[in-house]
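*Asks:* Before I ask anything, here is the structure I am working with.
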Amino acid sequence: MKKPLIAIAAIAILPFLSACCADNECAKVAPEAAATENAAQTPQAEHPFLDTSLDIKWSQLTPDKIVPDMTIELARARANIDAIASLPTDDPSVLTYENTLGALWRNFAEFDFVWGKVSHLENVAMSDDFRKAYAEILPKVSEYEAQTALDARLWNVLKAYSQTDEAKNLSPQKARYLKETLDGFRDGGADLPDDKKAELTAISKELTTITQQFSQNVLDATNAYKKLVENEANLAGLPELEKAAAFEAAKQAGLATDEKPAWLFTLKLTSYAPVLKYAENEDLRREIWEAANETCVGGEFDNLPIMRRILELRQREAEILGEKNFSDLTLKRRMAKNGDTALAFVQKLHDQTLPAFEREYAELKSFRRSNDPTYDGGDFKPWDLSFWTEKMRQANYDFDADSVKPYFPMPAVMNGLFALTERLYNVEIREEKSIYIEPGSGVVAPAGTAEVWHPDVKFYSIYDKNSKRKLGIFYTDWFPRDSKRGGAWMNPAFAGERSLGEINYGLVCGNVTAPVGDDPALLSHYDVETIFHEFGHLMHHLLGNTEIAALNGTSVAWDFVEFPSQLNENWTWEPEVLATFAKHYKTGEPLPKDVLEKMIRARNFQAAYQQMRQLGFAYVDLYLHLNATEIVKSEKDVNAIGMELSEPFLWKTDPVPNTNLPRFTHLFRDPVGYASAYYSYKWAEALEADAFTSVFRNPDGTLNYDKGMEYRKKILEKGDSEDAAVLFKDFVGRDPDWNAINVLYEIQ
């Protein structure tokens with residue numbers, strides 16, 4: 001998930017999925033082999049979500065099919081679990097890897113693939129009908145998952161198998177998967193008495209429902225706000241590209257014409273952030289900042305009581321499972337091991353960053369004092385921070401962040417990303433034929449053409465150059481729309497059994513700057529970083545080559561999962577990499593050398609502020625979950641508590657802004673998600689800063705592309721087949737240098 005500036009993004013919280021049917025009656029079909037038979041004549045048309053082919057017929061996945069299809073799938077999944085749980089535990093010779101762990105994985109894989117399609121569309125194609133169907137089936141899915149995790153008979157079978165001679169002589173990866181499975185059941189409460197299991201099931205069901213409500217509130221509140229500017233003079237300072245995007249948005253909303261122009265702004269990051277950064281009109285900046293600041297704080301889409309209840313339920317869950325708090329419960333099997341260790345990491349990095357952080361604010365105040373005769377030297381208004389920061393950046397580095405957009409057209413960025421990926425990992429990426437079909441229309445895709453869920457979506461295959469073997473397929477969906485949640489994420493939708501020649505399948509989604517008119521999307525450098533970041537996650541998944549599909553790719557410890565994605569961002573700052581694709585969309589001229597040099601020099605501008613802001617999110621997250629009992633009892637709402645906790649991590653402003661907690665989907669849109677784990681961004685960033693500078697950069701400063709294949713073999717292909725600390729040491733050759741992050745960003 002991309003490091004956020006204002007909006008928060010996340011990698012999709014979906015398990016690794018597979019398309020194997022427990023009854024072996026379905027077959028995976030590659031998109032290039034798509035059938036041309038009338039869809040209405042196939043069983044898949046009657047129950048399209050149950051089709052386990054990778055040739056997904058998105059147009060058939062309509063809201064009316066969700067409840068009936070998932071009802072069938074839930075019954076089938078329960079029957080599969082019952083079959084495993086019915087195996088005799090008194091005769092070890094009956095129990096094998098295939099009929100216990102293997103069967104369990106196949107059942108999980110099929111269920112997750114079916115449910116994963118529903119969950120994905122909930123993220124990218126929300127409608128009123130979809131929302132109703134999703135809300136109806138979601139509690140039943142949650143109940144099934146909770147009951148499976150707490151099934152006493154199933155647990156007894158798994159324990160009995162673990163004591164067999166076969167289990168004690170498994171291959172290393174199968175042995176690791178067995179241990180992970182046993183630990184997961186045990187940590188999830190499999191040994192609890194029945195009354196505690198019933199309480200856990202109820203908690204799981206309620207958490208699933210209210211975290212979904214939290215997410216819907218954020219989407220609805222974001223879509224509800226619209227600011228129409230009818231006087232162009234009020235947009236002074238806003239770059240022409242941003243004005244054109246706002247004009248296009250107003251026209252599409254039916255609020256403007258060429259004869260009567262107007263400019264529409266929303267609470268999508270790509271819409272409102274440029275206003276805060278560039279608009280000379282302080283009243284406009286203030287109005288839009290206040291709207292963003294109040295998102296889901298009171299009113300129709302109030303998330304404050306939901307947050308309190310989520311914290312209460314998570315704390316109770318931890319207590320039932322024998323832990324002091326949710327942080328300790330969540331982190332016990334991650335690199336940090338417990339909440340106190342994670343909090344100490346955040347606090348230490350805060351202390352190291354603080355001197356530079358305070359110096360940067362003093363410098364910003366000094367700059368404004370020299371350029372604004374009305375400024376009295378006091379604390380900033382929060383809607384002035386981005387505005388004066390950008391003015392200072394332009395003055396100190398002669399660099400306007402938006403000036404590079406014409407040199408980053410989306411097609412060129414993608415071509416450059418693919419070329420770099422192919423060079424590093426010895427792969428070939430091909431765009432395949434795809435088509436968007438209106439859902440429910442009954443139209444059939446031509447043979448050899450893959451369906452996509454929106455006209456903006458593209459479809460690709462990736463091959464190993466040497467063996468010519470197809471490694472995976474993936475979709476990209478980069479632009480914002482009202483039916484799509486905010487942020488950027490990668491979804492590891494299918495992990496194939498490599499021993500059977502199966503491929504991996506994933507998708508990446510974002511909300512980067514959209515195209516305007518007939519021009520291609522012109523991206524900010526931050527957008528480019530976002531795309532490279534999510535593609536780093538995607539390569540971790542698609543290039544996975546584990547014996548056990550359950551250990552593939554991003555199934556690693558959560559505080560290691562951002563390592564490949566954040567490492568991939570570094571390439572967007574390398575001149576020789578940028579030279580391959582940063583070219584003007586009209587003239588083809590490369591990004592001018594002097595502009596590139598200014599951009600690179602400005603990279604670490606206010607780096608301490610950016611780092612401290614991320615540390616603040618991590619600190620508040622950990623503190624809330626370490627101290628949930630006291631917070632739930634407090635008379636203050638969670639947002640107010642968060643504001644107090646955030647104070648040491650933010651420049652002082654008047655007024656003090658709300659926290660992002662009421663719209664912080666990382667923490668509250670899922671029963672677990674990034675809760676107690678937001679620190680993992682900085683944790684993984686410290687690791688990747690060390691790895692990139694010491695492995696991919698030669699002592700003379702040149703780049704070492706040859707290390708790409710070693711990285712593929714030792715990190716990307718390994719997934720969770722070994723402990724993350726072991727993988728890092730094997731690749732870098734030593735334990736981490738935790739100070740490398742401060743060196744990279746020149747924070748001292």
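Chain labels A, B, ... are given in the sequence in which chains occur in the structure tokens; within each chain residues are numbered consecutively from 1, and ligands are likewise numbered from 1 in the order shown.
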With a cut-off of 8 Å, could you pull out the residues of region 173-248 of chain A touching region 654-678 of chain A and give me the nearest pair of atoms for each, distance in Å to one decimal, using only C-alpha atoms, ordered by chain and ascending number, as a tab-separated table?
*Replies:*
```
residue	atom	partner	partner_atom	distance
A:Ser204	CA	A:Pro671	CA	7.5
A:Leu207	CA	A:Pro671	CA	5.5
A:Thr208	CA	A:Pro671	CA	5.8
A:Thr211	CA	A:Arg669	CA	4.6
A:Gln212	CA	A:Arg669	CA	5.8
A:Gln213	CA	A:Arg669	CA	7.9
A:Phe214	CA	A:Arg669	CA	5.9
A:Ser215	CA	A:Arg669	CA	5.0
A:Val218	CA	A:Arg663	CA	5.7
```
*Asks:* Mind dumping the selected residues with C-alpha atoms as a CSV table (one decimal), in the first residue's frame?
*Replies:*
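See out_3.csv below for the written result:
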```csv
chain,number,residue,atom,x,y,z
A,204,SER,CA,-16.4,-11.5,14.8
A,207,LEU,CA,-16.9,-6.5,13.8
A,208,THR,CA,-17.4,-7.6,10.2
A,211,THR,CA,-16.2,-2.1,10.0
A,212,GLN,CA,-18.1,-2.4,6.7
A,213,GLN,CA,-20.4,0.4,7.9
A,214,PHE,CA,-17.3,2.5,8.7
A,215,SER,CA,-16.0,2.0,5.2
A,218,VAL,CA,-16.2,7.1,4.3
```
*Asks:* Quick check, in Å to one decimal: how far apart do CA of Arg333 (chain A) and CA of Ile210 (chain A) lie?
*Replies:*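 So the answer is 25.9 Å.
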*Asks:* My list of candidates is A:Leu471, A:Leu567, A:Leu624, A:Met643. Which is closest to Ala686 (chain A) when distances are computed with only C-alpha atoms?
*Replies:* A:Leu567
*Asks:* Find the residue from A:Thr181, A:Asn504, A:Ser524, A:Gln352 that sits nearest to Ala608 (chain A); use only C-alpha atoms when measuring.
*Replies:*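 Looking only at the distances to Ala608 (chain A), the closest residue turns out to be A:Gln352.
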